[in-house]
$ cat target_11.cif   # mmCIF, C-alpha atoms and all ligand atoms
data_run
loop_
_atom_site.label_atom_id
_atom_site.label_comp_id
_atom_site.auth_asym_id
_atom_site.auth_seq_id
_atom_site.Cartn_x
_atom_site.Cartn_y
_atom_site.Cartn_z
CA MET B 1 0.00 0.00 0.00
CA ASN B 2 1.51 3.40 -0.91
CA ALA B 3 1.76 6.17 1.71
CA ALA B 4 -1.13 8.30 0.35
CA ARG B 5 -3.54 5.35 0.17
CA LYS B 6 -2.48 4.23 3.65
CA GLN B 7 -3.22 7.70 4.98
CA ILE B 8 -6.67 7.73 3.36
CA SER B 9 -7.57 4.32 4.77
CA LEU B 10 -6.37 5.37 8.25
CA ALA B 11 -8.52 8.50 8.04
CA MET B 12 -11.51 6.41 6.97
CA ALA B 13 -10.93 3.98 9.85
CA ALA B 14 -10.87 6.91 12.29
CA LEU B 15 -14.10 8.28 10.83
CA LEU B 16 -15.75 4.89 11.06
CA ALA B 17 -14.57 4.45 14.65
CA ALA B 18 -15.96 7.86 15.55
CA SER B 19 -19.33 7.02 14.02
CA LEU B 20 -19.52 3.68 15.85
CA CYS B 21 -18.50 5.07 19.22
CA VAL B 22 -20.91 6.46 21.73
CA ALA B 23 -19.56 9.39 23.72
CA GLN B 24 -17.11 8.14 26.35
CA ARG B 25 -18.03 10.59 29.05
CA SER B 26 -20.51 13.29 29.83
CA ASP B 27 -20.19 16.87 28.64
CA PRO B 28 -19.29 18.84 31.82
CA GLU B 29 -22.24 21.25 31.51
CA ILE B 30 -24.70 18.35 31.03
CA ALA B 31 -23.11 16.51 33.97
CA ARG B 32 -23.55 19.62 36.15
CA GLN B 33 -27.23 19.88 35.20
CA ILE B 34 -27.82 16.18 35.88
CA ALA B 35 -26.11 16.39 39.28
CA ALA B 36 -28.33 19.29 40.35
CA ILE B 37 -31.66 17.49 39.75
CA GLN B 38 -33.40 15.97 42.77
CA ALA B 39 -34.46 12.65 41.30
CA ILE B 40 -37.58 10.52 41.70
CA ASP B 41 -36.43 6.92 42.12
CA ASN B 42 -39.07 4.77 40.43
CA HIS B 43 -38.12 1.56 42.20
CA ALA B 44 -36.21 0.58 45.35
CA HIS B 45 -36.55 -1.36 48.60
CA PRO B 46 -35.65 0.95 51.50
CA VAL B 47 -35.24 -0.68 54.91
CA LEU B 48 -36.89 0.81 58.01
CA ALA B 49 -35.00 3.25 60.24
CA PRO B 50 -33.13 1.95 63.32
CA PRO B 51 -33.82 0.16 65.58
CA LEU B 52 -36.32 -1.66 63.32
CA ASP B 53 -33.77 -2.14 60.50
CA ALA B 54 -32.31 -5.26 62.12
CA SER B 55 -35.60 -7.20 62.08
CA ASP B 56 -37.28 -5.64 58.99
CA ARG B 57 -38.13 -8.26 56.34
CA GLU B 58 -40.89 -6.34 54.57
CA PHE B 59 -38.55 -4.74 52.02
CA ASP B 60 -39.47 -7.62 49.69
CA ALA B 61 -42.24 -10.21 49.45
CA LEU B 62 -39.64 -12.62 48.02
CA PRO B 63 -36.25 -11.74 49.60
CA VAL B 64 -33.36 -12.70 47.31
CA SER B 65 -31.38 -13.89 50.33
CA SER B 66 -33.47 -17.07 50.10
CA LEU B 67 -32.22 -17.93 46.57
CA GLU B 68 -29.85 -20.76 45.71
CA PRO B 69 -26.38 -19.57 44.56
CA GLN B 70 -25.94 -18.30 41.00
CA SER B 71 -22.97 -16.83 39.12
CA ASP B 72 -23.27 -13.32 40.52
CA PRO B 73 -22.77 -10.27 38.29
CA VAL B 74 -19.47 -8.52 39.07
CA ALA B 75 -21.29 -5.54 40.62
CA LEU B 76 -22.82 -7.79 43.28
CA ARG B 77 -19.50 -9.31 44.40
CA PRO B 78 -17.65 -8.25 47.56
CA ASP B 79 -14.61 -6.99 45.61
CA PHE B 80 -16.58 -4.62 43.36
CA PRO B 81 -14.52 -1.39 43.42
CA LEU B 82 -17.49 1.00 43.60
CA LEU B 83 -18.46 -0.55 46.95
CA GLY B 84 -15.43 1.11 48.51
CA ALA B 85 -16.38 4.46 46.97
CA ALA B 86 -19.91 4.11 48.40
CA TRP B 87 -18.66 3.29 51.93
CA LYS B 88 -16.30 6.25 51.83
CA ALA B 89 -18.97 8.66 50.58
CA LEU B 90 -21.68 7.46 52.97
CA TYR B 91 -19.82 6.62 56.18
CA GLY B 92 -16.28 7.97 55.69
CA PHE B 93 -15.20 4.29 55.79
CA ASP B 94 -12.03 3.82 53.75
CA VAL B 95 -10.63 0.27 53.89
CA PRO B 96 -9.22 -1.73 50.92
CA LEU B 97 -11.44 -4.41 49.32
CA PRO B 98 -12.33 -7.19 49.84
CA LEU B 99 -13.06 -6.98 53.55
CA ASP B 100 -12.09 -9.74 55.94
CA ALA B 101 -14.26 -10.63 58.95
CA GLN B 102 -12.75 -7.80 60.99
CA GLY B 103 -13.25 -5.34 58.12
CA ILE B 104 -16.93 -6.33 57.85
CA LYS B 105 -17.34 -5.72 61.57
CA GLN B 106 -15.72 -2.27 61.19
CA LEU B 107 -18.02 -1.50 58.25
CA GLN B 108 -21.07 -2.51 60.30
CA ASP B 109 -19.92 -0.23 63.13
CA ALA B 110 -19.34 2.69 60.75
CA ARG B 111 -22.80 2.23 59.20
CA LYS B 112 -24.48 1.81 62.60
CA LYS B 113 -22.83 4.98 63.89
CA VAL B 114 -24.25 7.10 61.06
CA ALA B 115 -27.64 5.35 61.30
CA ALA B 116 -27.77 6.04 65.05
CA GLN B 117 -26.87 9.70 64.50
CA GLN B 118 -29.65 10.06 61.94
CA GLY B 119 -32.17 7.91 63.83
CA GLU B 120 -35.62 7.92 62.26
CA HIS B 121 -34.29 10.20 59.49
CA PHE B 122 -31.67 7.68 58.33
CA PRO B 123 -33.66 6.47 55.26
CA ALA B 124 -34.30 10.09 54.16
CA TRP B 125 -30.60 10.87 54.81
CA VAL B 126 -29.65 8.03 52.45
CA LEU B 127 -31.83 9.59 49.73
CA ALA B 128 -30.17 12.97 50.24
CA GLN B 129 -26.69 11.43 49.80
CA ALA B 130 -27.79 10.02 46.43
CA GLY B 131 -29.51 13.20 45.18
CA ILE B 132 -32.93 11.56 45.38
CA GLY B 133 -35.91 13.66 46.45
CA THR B 134 -38.57 10.92 46.34
CA MET B 135 -38.24 7.13 46.31
CA LEU B 136 -40.99 4.68 45.39
CA ALA B 137 -40.69 2.15 48.21
CA ASN B 138 -41.49 -1.36 47.00
CA ARG B 139 -42.41 -2.94 50.33
CA VAL B 140 -45.03 -5.23 51.83
CA GLY B 141 -45.79 -2.42 54.30
CA MET B 142 -44.37 1.01 55.14
CA GLY B 143 -42.93 1.88 58.57
CA ARG B 144 -40.54 3.90 60.70
CA GLY B 145 -38.61 6.45 58.65
CA VAL B 146 -40.00 5.14 55.36
CA GLN B 147 -42.98 7.45 54.97
CA PRO B 148 -44.34 10.14 52.63
CA PRO B 149 -43.44 12.64 51.34
CA GLN B 150 -39.92 11.24 50.67
CA PHE B 151 -41.16 7.66 50.28
CA ARG B 152 -44.25 6.58 48.28
CA TRP B 153 -45.63 3.08 48.65
CA VAL B 154 -45.66 0.29 46.05
CA PRO B 155 -47.07 -2.90 47.64
CA TYR B 156 -46.98 -6.47 46.27
CA VAL B 157 -50.02 -8.27 44.86
CA ASP B 158 -48.72 -11.55 43.39
CA ALA B 159 -50.32 -13.48 46.25
CA LEU B 160 -53.76 -12.62 44.83
CA LEU B 161 -52.95 -14.54 41.63
CA PHE B 162 -52.41 -17.86 43.40
CA PRO B 163 -55.44 -18.66 45.60
CA LEU B 164 -55.38 -22.47 45.09
CA ASP B 165 -53.01 -25.17 46.34
CA ASN B 166 -49.55 -24.20 45.03
CA GLY B 167 -47.80 -27.48 45.83
CA ALA B 168 -47.15 -28.42 42.20
CA LEU B 169 -45.89 -24.92 41.31
CA ALA B 170 -43.68 -24.85 44.39
CA ALA B 171 -42.10 -28.21 43.48
CA VAL B 172 -40.68 -26.86 40.19
CA SER B 173 -37.42 -25.61 41.78
CA PRO B 174 -35.88 -25.02 45.22
CA ASP B 175 -36.28 -21.26 44.69
CA ARG B 176 -39.99 -21.59 43.91
CA THR B 177 -40.46 -23.77 47.00
CA GLU B 178 -39.19 -20.79 49.03
CA PHE B 179 -41.17 -18.26 47.02
CA PHE B 180 -44.56 -19.95 47.30
CA ALA B 181 -44.09 -20.39 51.04
CA LEU B 182 -43.41 -16.64 51.26
CA GLU B 183 -46.41 -15.85 49.03
CA SER B 184 -48.70 -17.80 51.32
CA ILE B 185 -47.66 -15.47 54.18
CA VAL B 186 -48.72 -12.45 52.10
CA ARG B 187 -51.96 -14.23 51.08
CA SER B 188 -52.81 -14.90 54.75
CA ARG B 189 -52.21 -11.24 55.47
CA PHE B 190 -54.62 -10.20 52.69
CA LEU B 191 -57.29 -12.60 54.00
CA LYS B 192 -56.83 -11.30 57.53
CA GLU B 193 -57.11 -7.70 56.35
CA ALA B 194 -60.36 -8.74 54.60
CA ALA B 195 -61.56 -10.19 57.94
CA LEU B 196 -61.66 -13.72 56.49
CA SER B 197 -60.22 -16.92 57.92
CA ALA B 198 -60.37 -18.78 54.58
CA PRO B 199 -60.81 -17.76 50.93
CA PRO B 200 -64.48 -17.41 49.83
CA ALA B 201 -66.10 -20.36 48.07
CA THR B 202 -66.80 -18.63 44.74
CA LEU B 203 -64.70 -16.56 42.36
CA ALA B 204 -67.28 -13.74 42.44
CA LYS B 205 -66.91 -13.48 46.22
CA TYR B 206 -63.10 -13.77 46.02
CA LEU B 207 -62.98 -10.80 43.64
CA GLN B 208 -65.52 -8.84 45.67
CA GLN B 209 -64.29 -9.61 49.19
CA VAL B 210 -60.54 -10.10 48.74
CA VAL B 211 -59.07 -8.84 45.45
CA THR B 212 -60.80 -5.48 44.97
CA PRO B 213 -60.76 -4.55 48.70
CA THR B 214 -57.00 -5.32 48.90
CA LEU B 215 -56.28 -2.97 45.99
CA GLU B 216 -58.60 -0.30 47.43
CA ARG B 217 -56.95 -0.62 50.84
CA HIS B 218 -53.53 -0.17 49.24
CA LYS B 219 -54.78 2.92 47.42
CA LEU B 220 -56.19 4.35 50.65
CA GLY B 221 -52.88 3.55 52.37
CA GLY B 222 -51.06 5.81 49.91
CA ALA B 223 -49.98 3.31 47.22
CA VAL B 224 -49.13 4.77 43.80
CA ALA B 225 -48.65 1.42 42.04
CA GLU B 226 -48.95 -2.34 42.56
CA LYS B 227 -45.92 -4.55 42.08
CA PHE B 228 -45.82 -8.00 40.49
CA GLU B 229 -42.79 -10.25 40.97
CA VAL B 230 -44.72 -12.78 38.94
CA ALA B 231 -41.78 -13.47 36.60
CA TYR B 232 -40.17 -15.32 39.53
CA LEU B 233 -43.29 -17.49 39.87
CA ARG B 234 -44.47 -18.22 36.31
CA SER B 235 -44.09 -16.89 32.76
CA PHE B 236 -45.51 -13.66 31.31
CA ASP B 237 -47.73 -15.50 28.79
CA PHE B 238 -51.12 -14.44 30.15
CA SER B 239 -54.02 -15.78 28.07
CA ASP B 240 -57.47 -14.19 28.10
CA PRO B 241 -60.06 -16.68 29.42
CA SER B 242 -63.63 -15.62 30.19
CA ARG B 243 -64.87 -15.38 33.75
CA ALA B 244 -67.40 -18.14 33.02
CA GLU B 245 -64.57 -20.45 32.00
CA VAL B 246 -62.52 -20.05 35.18
CA GLU B 247 -65.33 -19.81 37.77
CA PRO B 248 -65.71 -23.63 37.98
CA ILE B 249 -61.91 -24.06 38.31
CA TYR B 250 -61.86 -21.74 41.32
CA ALA B 251 -64.93 -23.35 42.90
CA ARG B 252 -63.68 -26.90 42.34
CA TRP B 253 -60.24 -26.43 43.99
CA ILE B 254 -60.52 -23.57 46.46
CA GLY B 255 -61.40 -25.99 49.26
CA GLY B 256 -58.19 -28.00 48.70
CA GLY B 257 -56.57 -30.62 46.49
CA GLN B 258 -54.11 -30.37 43.62
CA PRO B 259 -55.68 -28.28 40.83
CA ASP B 260 -55.21 -29.28 37.23
CA GLY B 261 -52.17 -27.28 36.03
CA ALA B 262 -53.60 -25.95 32.76
CA GLY B 263 -56.85 -24.89 34.42
CA TYR B 264 -55.02 -23.18 37.30
CA LYS B 265 -52.90 -21.24 34.82
CA ARG B 266 -56.08 -19.97 33.11
CA LEU B 267 -57.43 -18.84 36.48
CA GLN B 268 -54.17 -16.93 37.20
CA ASP B 269 -54.39 -15.39 33.70
CA PHE B 270 -57.93 -14.18 34.39
CA LEU B 271 -56.94 -12.79 37.81
CA PHE B 272 -53.95 -10.92 36.37
CA ARG B 273 -56.16 -9.13 33.83
CA TYR B 274 -58.81 -8.42 36.46
CA ILE B 275 -56.23 -6.89 38.84
CA ALA B 276 -54.64 -4.86 36.02
CA MET B 277 -58.09 -3.50 35.07
CA GLU B 278 -58.86 -2.64 38.69
CA CYS B 279 -55.50 -0.84 38.94
CA GLY B 280 -56.54 1.24 35.92
CA ARG B 281 -59.84 2.10 37.59
CA LEU B 282 -58.09 3.07 40.83
CA GLY B 283 -55.31 5.08 39.17
CA LEU B 284 -52.58 2.66 40.30
CA ALA B 285 -49.76 1.86 37.87
CA VAL B 286 -48.80 -1.81 37.44
CA HIS B 287 -45.11 -2.48 38.12
CA LEU B 288 -43.61 -5.70 36.74
CA HIS B 289 -40.21 -7.13 37.56
CA ALA B 290 -38.75 -7.43 34.03
CA LEU B 291 -35.09 -8.45 34.24
CA GLY B 292 -33.20 -11.62 33.37
CA GLY B 293 -32.41 -12.41 37.01
CA PHE B 294 -32.04 -12.96 39.89
CA GLY B 295 -31.64 -16.61 40.79
CA SER B 296 -30.21 -19.63 39.00
CA TYR B 297 -33.68 -21.05 38.27
CA TYR B 298 -35.23 -17.78 37.06
CA SER B 299 -36.76 -18.20 33.57
CA ILE B 300 -35.18 -15.45 31.46
CA ASN B 301 -37.25 -16.57 28.48
CA GLY B 302 -40.51 -16.57 30.48
CA GLY B 303 -39.78 -12.97 31.54
CA ASN B 304 -39.46 -11.64 27.98
CA PRO B 305 -41.55 -8.43 27.96
CA LEU B 306 -42.75 -9.23 24.42
CA LEU B 307 -44.95 -11.93 26.01
CA LEU B 308 -46.92 -9.09 27.61
CA GLU B 309 -47.83 -7.48 24.28
CA PRO B 310 -51.38 -8.93 24.18
CA LEU B 311 -52.06 -7.19 27.51
CA PHE B 312 -50.71 -3.88 26.24
CA ASN B 313 -52.89 -4.30 23.12
CA ASP B 314 -56.06 -5.13 25.09
CA PRO B 315 -58.45 -2.14 24.74
CA ARG B 316 -59.83 -2.94 28.24
CA LEU B 317 -56.36 -2.29 29.68
CA ARG B 318 -55.61 1.01 27.99
CA LYS B 319 -56.43 2.88 31.21
CA THR B 320 -53.77 0.87 33.04
CA ASN B 321 -50.17 2.10 32.92
CA PHE B 322 -47.59 -0.69 32.95
CA VAL B 323 -44.06 0.06 34.13
CA LEU B 324 -41.45 -2.54 33.19
CA LEU B 325 -38.91 -2.34 35.99
CA HIS B 326 -35.23 -2.83 35.18
CA GLY B 327 -35.95 -1.97 31.53
CA GLY B 328 -36.62 -5.56 30.52
CA TRP B 329 -32.90 -6.40 30.33
CA PRO B 330 -31.62 -8.28 28.31
CA PHE B 331 -34.58 -7.49 26.01
CA VAL B 332 -33.65 -3.80 25.87
CA ARG B 333 -34.31 -3.40 22.12
CA GLU B 334 -37.71 -5.08 22.42
CA MET B 335 -38.29 -2.61 25.28
CA ALA B 336 -37.59 0.32 22.95
CA ALA B 337 -40.28 -0.93 20.58
CA LEU B 338 -42.77 -1.56 23.40
CA LEU B 339 -42.40 2.05 24.62
CA GLN B 340 -44.53 3.01 21.62
CA LYS B 341 -47.57 1.49 23.36
CA PRO B 342 -49.38 4.41 25.00
CA ASN B 343 -49.53 2.67 28.38
CA VAL B 344 -46.00 1.20 28.61
CA TYR B 345 -43.09 2.72 30.55
CA ALA B 346 -39.62 1.46 31.49
CA ASP B 347 -37.24 2.29 34.30
CA ILE B 348 -33.48 1.79 34.50
CA SER B 349 -33.46 0.44 38.06
CA SER B 350 -31.17 -2.51 38.80
CA GLN B 351 -29.36 -2.20 35.47
CA SER B 352 -28.10 1.09 36.90
CA LEU B 353 -26.52 -1.01 39.64
CA THR B 354 -25.18 -3.95 37.64
CA MET B 355 -24.24 -2.32 34.29
CA THR B 356 -21.45 0.16 33.71
CA PRO B 357 -22.63 3.65 32.67
CA HIS B 358 -21.06 3.24 29.23
CA THR B 359 -22.91 -0.02 28.54
CA GLN B 360 -26.23 1.24 29.82
CA ALA B 361 -25.90 4.50 27.87
CA GLN B 362 -26.14 2.58 24.59
CA TRP B 363 -29.76 1.47 24.93
CA LEU B 364 -30.71 4.42 27.09
CA ARG B 365 -29.81 6.62 24.12
CA GLU B 366 -31.96 4.46 21.83
CA TRP B 367 -34.93 4.78 24.18
CA LEU B 368 -34.44 8.55 24.46
CA GLU B 369 -34.33 8.83 20.68
CA ILE B 370 -37.66 6.99 20.37
CA VAL B 371 -40.01 7.81 23.28
CA PRO B 372 -38.18 9.88 25.93
CA GLU B 373 -41.38 10.61 27.90
CA LYS B 374 -41.62 6.99 29.05
CA VAL B 375 -38.13 6.47 30.51
CA LEU B 376 -37.77 6.64 34.29
CA PHE B 377 -34.78 6.86 36.64
CA GLY B 378 -34.49 4.10 39.24
CA THR B 379 -31.92 2.40 41.47
CA ASP B 380 -33.36 -0.82 42.95
CA GLY B 381 -31.56 0.05 46.18
CA TYR B 382 -31.90 -3.19 48.13
CA PRO B 383 -30.19 -4.92 51.06
CA TYR B 384 -28.31 -7.37 48.83
CA SER B 385 -25.69 -8.40 51.37
CA GLU B 386 -23.88 -7.32 54.50
CA GLN B 387 -21.50 -5.27 52.37
CA LEU B 388 -23.91 -4.07 49.69
CA GLY B 389 -26.71 -2.67 51.82
CA TRP B 390 -29.61 -0.64 50.45
CA PRO B 391 -27.77 2.68 51.09
CA GLU B 392 -24.73 1.50 49.10
CA ALA B 393 -26.85 0.04 46.27
CA THR B 394 -28.88 3.26 46.03
CA TRP B 395 -25.74 5.41 45.99
CA ILE B 396 -23.91 3.30 43.37
CA ALA B 397 -26.96 2.93 41.08
CA GLY B 398 -27.76 6.64 41.36
CA ARG B 399 -24.21 7.54 40.38
CA ASN B 400 -24.11 5.06 37.46
CA ALA B 401 -27.55 6.11 36.16
CA ARG B 402 -26.58 9.80 36.11
CA GLN B 403 -23.34 9.00 34.28
CA ALA B 404 -25.17 6.82 31.75
CA LEU B 405 -27.70 9.58 31.15
CA GLY B 406 -24.88 12.11 30.72
CA ILE B 407 -23.09 9.88 28.18
CA ALA B 408 -26.30 9.22 26.21
CA LEU B 409 -27.26 12.92 26.07
CA THR B 410 -23.70 13.99 25.21
CA GLY B 411 -23.67 11.57 22.28
CA MET B 412 -26.99 12.95 21.03
CA LEU B 413 -25.72 16.52 21.42
CA GLU B 414 -22.41 15.82 19.64
CA ASP B 415 -24.24 14.16 16.75
CA GLY B 416 -26.46 17.20 16.33
CA GLU B 417 -29.65 15.33 17.29
CA ILE B 418 -30.55 17.67 20.15
CA THR B 419 -29.70 21.15 21.39
CA ARG B 420 -28.14 21.88 24.78
CA GLN B 421 -31.50 23.15 25.92
CA ARG B 422 -33.17 19.87 24.92
CA ALA B 423 -30.42 17.84 26.64
CA GLY B 424 -31.28 19.63 29.90
CA ASP B 425 -35.00 19.03 29.34
CA LEU B 426 -34.44 15.31 28.70
CA ALA B 427 -32.29 14.99 31.83
CA ARG B 428 -35.06 16.53 33.92
CA MET B 429 -37.69 14.30 32.31
CA VAL B 430 -35.82 11.05 32.98
CA LEU B 431 -34.74 11.99 36.49
CA ARG B 432 -38.12 13.28 37.66
CA GLY B 433 -40.52 14.90 35.18
CA ASN B 434 -41.70 11.65 33.58
CA ALA B 435 -42.45 10.13 37.01
CA GLU B 436 -44.28 13.30 38.10
CA ALA B 437 -46.49 13.03 35.02
CA LEU B 438 -47.09 9.27 35.38
CA TYR B 439 -47.96 9.30 39.11
CA LYS B 440 -49.54 12.79 39.08
CA PHE B 441 -47.18 14.00 41.84
ZN ZN V 1 -36.56 -4.46 43.14
#
$ encode --input "target_11.cif" --output "structure tokens"
Amino acid sequence: MNAARKQISLAMAALLAASLCVAQRSDPEIARQIAAIQAIDNHAHPVLAPPLDASDREFDALPVSSLEPQSDPVALRPDFPLLGAAWKALYGFDVPLPLDAQGIKQLQDARKKVAAQQGEHFPAWVLAQAGIGTMLANRVGMGRGVQPPQFRWVPYVDALLFPLDNGALAAVSPDRTEFFALESIVRSRFLKEAALSAPPATLAKYLQQVVTPTLERHKLGGAVAEKFEVAYLRSFDFSDPSRAEVEPIYARWIGGGQPDGAGYKRLQDFLFRYIAMECGRLGLAVHLHALGGFGSYYSINGGNPLLLEPLFNDPRLRKTNFVLLHGGWPFVREMAALLQKPNVYADISSQSLTMTPHTQAQWLREWLEIVPEKVLFGTDGYPYSEQLGWPEATWIAGRNARQALGIALTGMLEDGEITRQRAGDLARMVLRGNAEALYKF
């Protein structure tokens, strides 16, 4: 190759590389704007303030601590470098990773000291450290320090889908054995709140005395959405049976015995649609765990958001807003297409914890280029482990999400797709404006 031709081909390679690359880091002015916005966190699991934090288990209906081991993502391992940055920022605790037993004890002491200083305000203090003004608290119940206006309630309703004997479903995997046992605790709670000692004998009475009153009670208790972790329990392929078809299934098995599997699935399908319609009537959004994880037995295929398309296309459900938590990962391109449905939203919770900003920025940019009004900030702050507590997870995810947003917007600005003014508007929309509009805050 002669020198001139070599130079031309090098220049072309550089051009091609530039066109394939997303921006590597955020424009400083965009980063400043993003840092100044008090965010609304669409999804997290805050733990109650001390002294109730030690015994609180209501941060999840299905705590992940009960799962069998899987190959953990790097961000959930004890040597993840950002953990150290979070400890330093939150508690002034600066010890090299990974911690030994003594280091863990020192970390616990450092965390306890700050929590004791803050007392009941500790959960709100955690939000302030992460630049979060309001957090949607996905919890079985609210409690000390986790209260409005900083925290808004998102309760769980999966237990309503499974009123019959769940023995066969529970036997599918060790994780599901744990999950269905936990769901029966929530179901007992719903029955008790409905002043019933056993489920009613007919489906009509179950809907009237248990399902609708539970949703109405949640609404009265301040709920802004209902959360389904159903992807941990069965697949997203909800069919559309008539009430007449499933009434005999309910009546036949509600008193006990192993229900026929296909019939029981149809009953769950009917109940899911009924609950989603009731949520629309009550002005509650429907939150769905939509993420390929966690747990070694989790069905990634069964949690493909595309399986939900018939629900999104059901005219009876157009008053119900569905929020796919965790952005449907790994089905992030399918998610972009689904955002075109008028009642479908996505948040970036959890992926903001486990993905690097650069990786997340790629599909975040695609979403922002298609339907930016439906994209919501989120952390999935959760007490994952002794070292990665909910404060650390919230802090790390908040930091990553802001960086990812900065990279995505910088790329769009550099490519002439948006103005600086629009970049600032989009940042505000993702971090809080879209949630304000969706939940009517
Ligand atoms: Zn979560």
$ closest_residue --input "target_11.cif" --among "B:Ala408, B:Leu308, B:Met335, B:Leu325" --to "ligand ZN 1 (chain V)" --atoms "all atoms listed in the file"
B:Leu325
$ residues_around --input "target_11.cif" --residues "Arg243 in chain B" --least-positions-apart "3" --cutoff "12 Å" --atoms "only C-alpha atoms" --output "list in words"
Thr202, Leu203, Ala204, Leu207, Asp240, Val246, Glu247, Pro248, Ile249, Tyr250, Arg266, Leu267, Gln268, Asp269, Phe270, Leu271, Arg273 and Tyr274 of chain B
$ write_last_selection --input "target_11.cif" --atoms "C-alpha atoms" --output "PDB file, in the coordinates of the input"
ATOM      1  CA  THR B 202     -66.800 -18.630  44.740  1.00  0.00           C
ATOM      2  CA  LEU B 203     -64.700 -16.560  42.360  1.00  0.00           C
ATOM      3  CA  ALA B 204     -67.280 -13.740  42.440  1.00  0.00           C
ATOM      4  CA  LEU B 207     -62.980 -10.800  43.640  1.00  0.00           C
ATOM      5  CA  ASP B 240     -57.470 -14.190  28.100  1.00  0.00           C
ATOM      6  CA  VAL B 246     -62.520 -20.050  35.180  1.00  0.00           C
ATOM      7  CA  GLU B 247     -65.330 -19.810  37.770  1.00  0.00           C
ATOM      8  CA  PRO B 248     -65.710 -23.630  37.980  1.00  0.00           C
ATOM      9  CA  ILE B 249     -61.910 -24.060  38.310  1.00  0.00           C
ATOM     10  CA  TYR B 250     -61.860 -21.740  41.320  1.00  0.00           C
ATOM     11  CA  ARG B 266     -56.080 -19.970  33.110  1.00  0.00           C
ATOM     12  CA  LEU B 267     -57.430 -18.840  36.480  1.00  0.00           C
ATOM     13  CA  GLN B 268     -54.170 -16.930  37.200  1.00  0.00           C
ATOM     14  CA  ASP B 269     -54.390 -15.390  33.700  1.00  0.00           C
ATOM     15  CA  PHE B 270     -57.930 -14.180  34.390  1.00  0.00           C
ATOM     16  CA  LEU B 271     -56.940 -12.790  37.810  1.00  0.00           C
ATOM     17  CA  ARG B 273     -56.160  -9.130  33.830  1.00  0.00           C
ATOM     18  CA  TYR B 274     -58.810  -8.420  36.460  1.00  0.00           C
TER      19      TYR B 274
END
$ closest_residue --input "target_11.cif" --among "B:Gly378, B:Gly167, B:Gly424, B:Gly328" --to "Tyr264 in chain B" --atoms "only C-alpha atoms"
B:Gly167
$ closest_residue --input "target_11.cif" --among "B:Leu388, B:Ile30, B:Val157, B:Ala137" --to "Thr419 in chain B" --atoms "all atoms listed in the file"
B:Ile30
$ closest_atom_pairs --input "target_11.cif" --of "chain B" --to "ligand ZN 1 (chain V)" --cutoff "8 Å" --atoms "all atoms listed in the file" --output "CSV"
residue,atom,partner,partner_atom,distance
B:His43,CA,V:ZN1,ZN,6.3
B:Ala44,CA,V:ZN1,ZN,5.5
B:His45,CA,V:ZN1,ZN,6.3
B:Asp60,CA,V:ZN1,ZN,7.8
B:Asn138,CA,V:ZN1,ZN,7.0
B:His289,CA,V:ZN1,ZN,7.2
B:Leu325,CA,V:ZN1,ZN,7.8
B:Ser349,CA,V:ZN1,ZN,7.7
B:Ser350,CA,V:ZN1,ZN,7.2
B:Asp380,CA,V:ZN1,ZN,4.9
B:Gly381,CA,V:ZN1,ZN,7.4
B:Tyr382,CA,V:ZN1,ZN,6.9
$ atom_distance --input "target_11.cif" --atom1 "CA of His287 in chain B" --atom2 "CA of Glu226 in chain B"
5.9 Å
$ atom_distance --input "target_11.cif" --atom1 "CA of Lys319 in chain B" --atom2 "CA of Phe228 in chain B"
17.8 Å
$ closest_residue --input "target_11.cif" --among "B:Phe190, B:Thr212, B:Gly92, B:Lys227" --to "Asp109 in chain B" --atoms "only C-alpha atoms"
B:Gly92
$ closest_residue --input "target_11.cif" --among "B:Ala39, B:Ala116, B:Ala181, B:Val371" --to "Ser66 in chain B" --atoms "all atoms listed in the file"
B:Ala181
$ build_atoms --input "target_11.cif" --residues "range 313-318 of chain B" --atoms "N, CA, C and O atoms" --output "compact mmCIF listing (two decimals), in the coordinates of the input"
# COMPACT_ATOMS: atom_id res chain seq x y z
N ASN B 313 -52.00 -4.53 24.27
CA ASN B 313 -52.89 -4.30 23.12
C ASN B 313 -54.36 -4.54 23.46
O ASN B 313 -55.20 -4.44 22.58
N ASP B 314 -54.67 -4.87 24.70
CA ASP B 314 -56.06 -5.13 25.09
C ASP B 314 -56.75 -3.79 25.35
O ASP B 314 -56.36 -3.07 26.28
N PRO B 315 -57.78 -3.44 24.54
CA PRO B 315 -58.45 -2.14 24.74
C PRO B 315 -58.97 -1.96 26.16
O PRO B 315 -59.01 -0.84 26.66
N ARG B 316 -59.32 -3.07 26.86
CA ARG B 316 -59.83 -2.94 28.24
C ARG B 316 -58.73 -2.52 29.21
O ARG B 316 -59.02 -2.15 30.35
N LEU B 317 -57.47 -2.63 28.78
CA LEU B 317 -56.36 -2.29 29.68
C LEU B 317 -55.66 -0.99 29.30
O LEU B 317 -54.60 -0.68 29.84
N ARG B 318 -56.28 -0.23 28.41
CA ARG B 318 -55.61 1.01 27.99
C ARG B 318 -55.65 2.10 29.05
O ARG B 318 -54.97 3.12 28.95
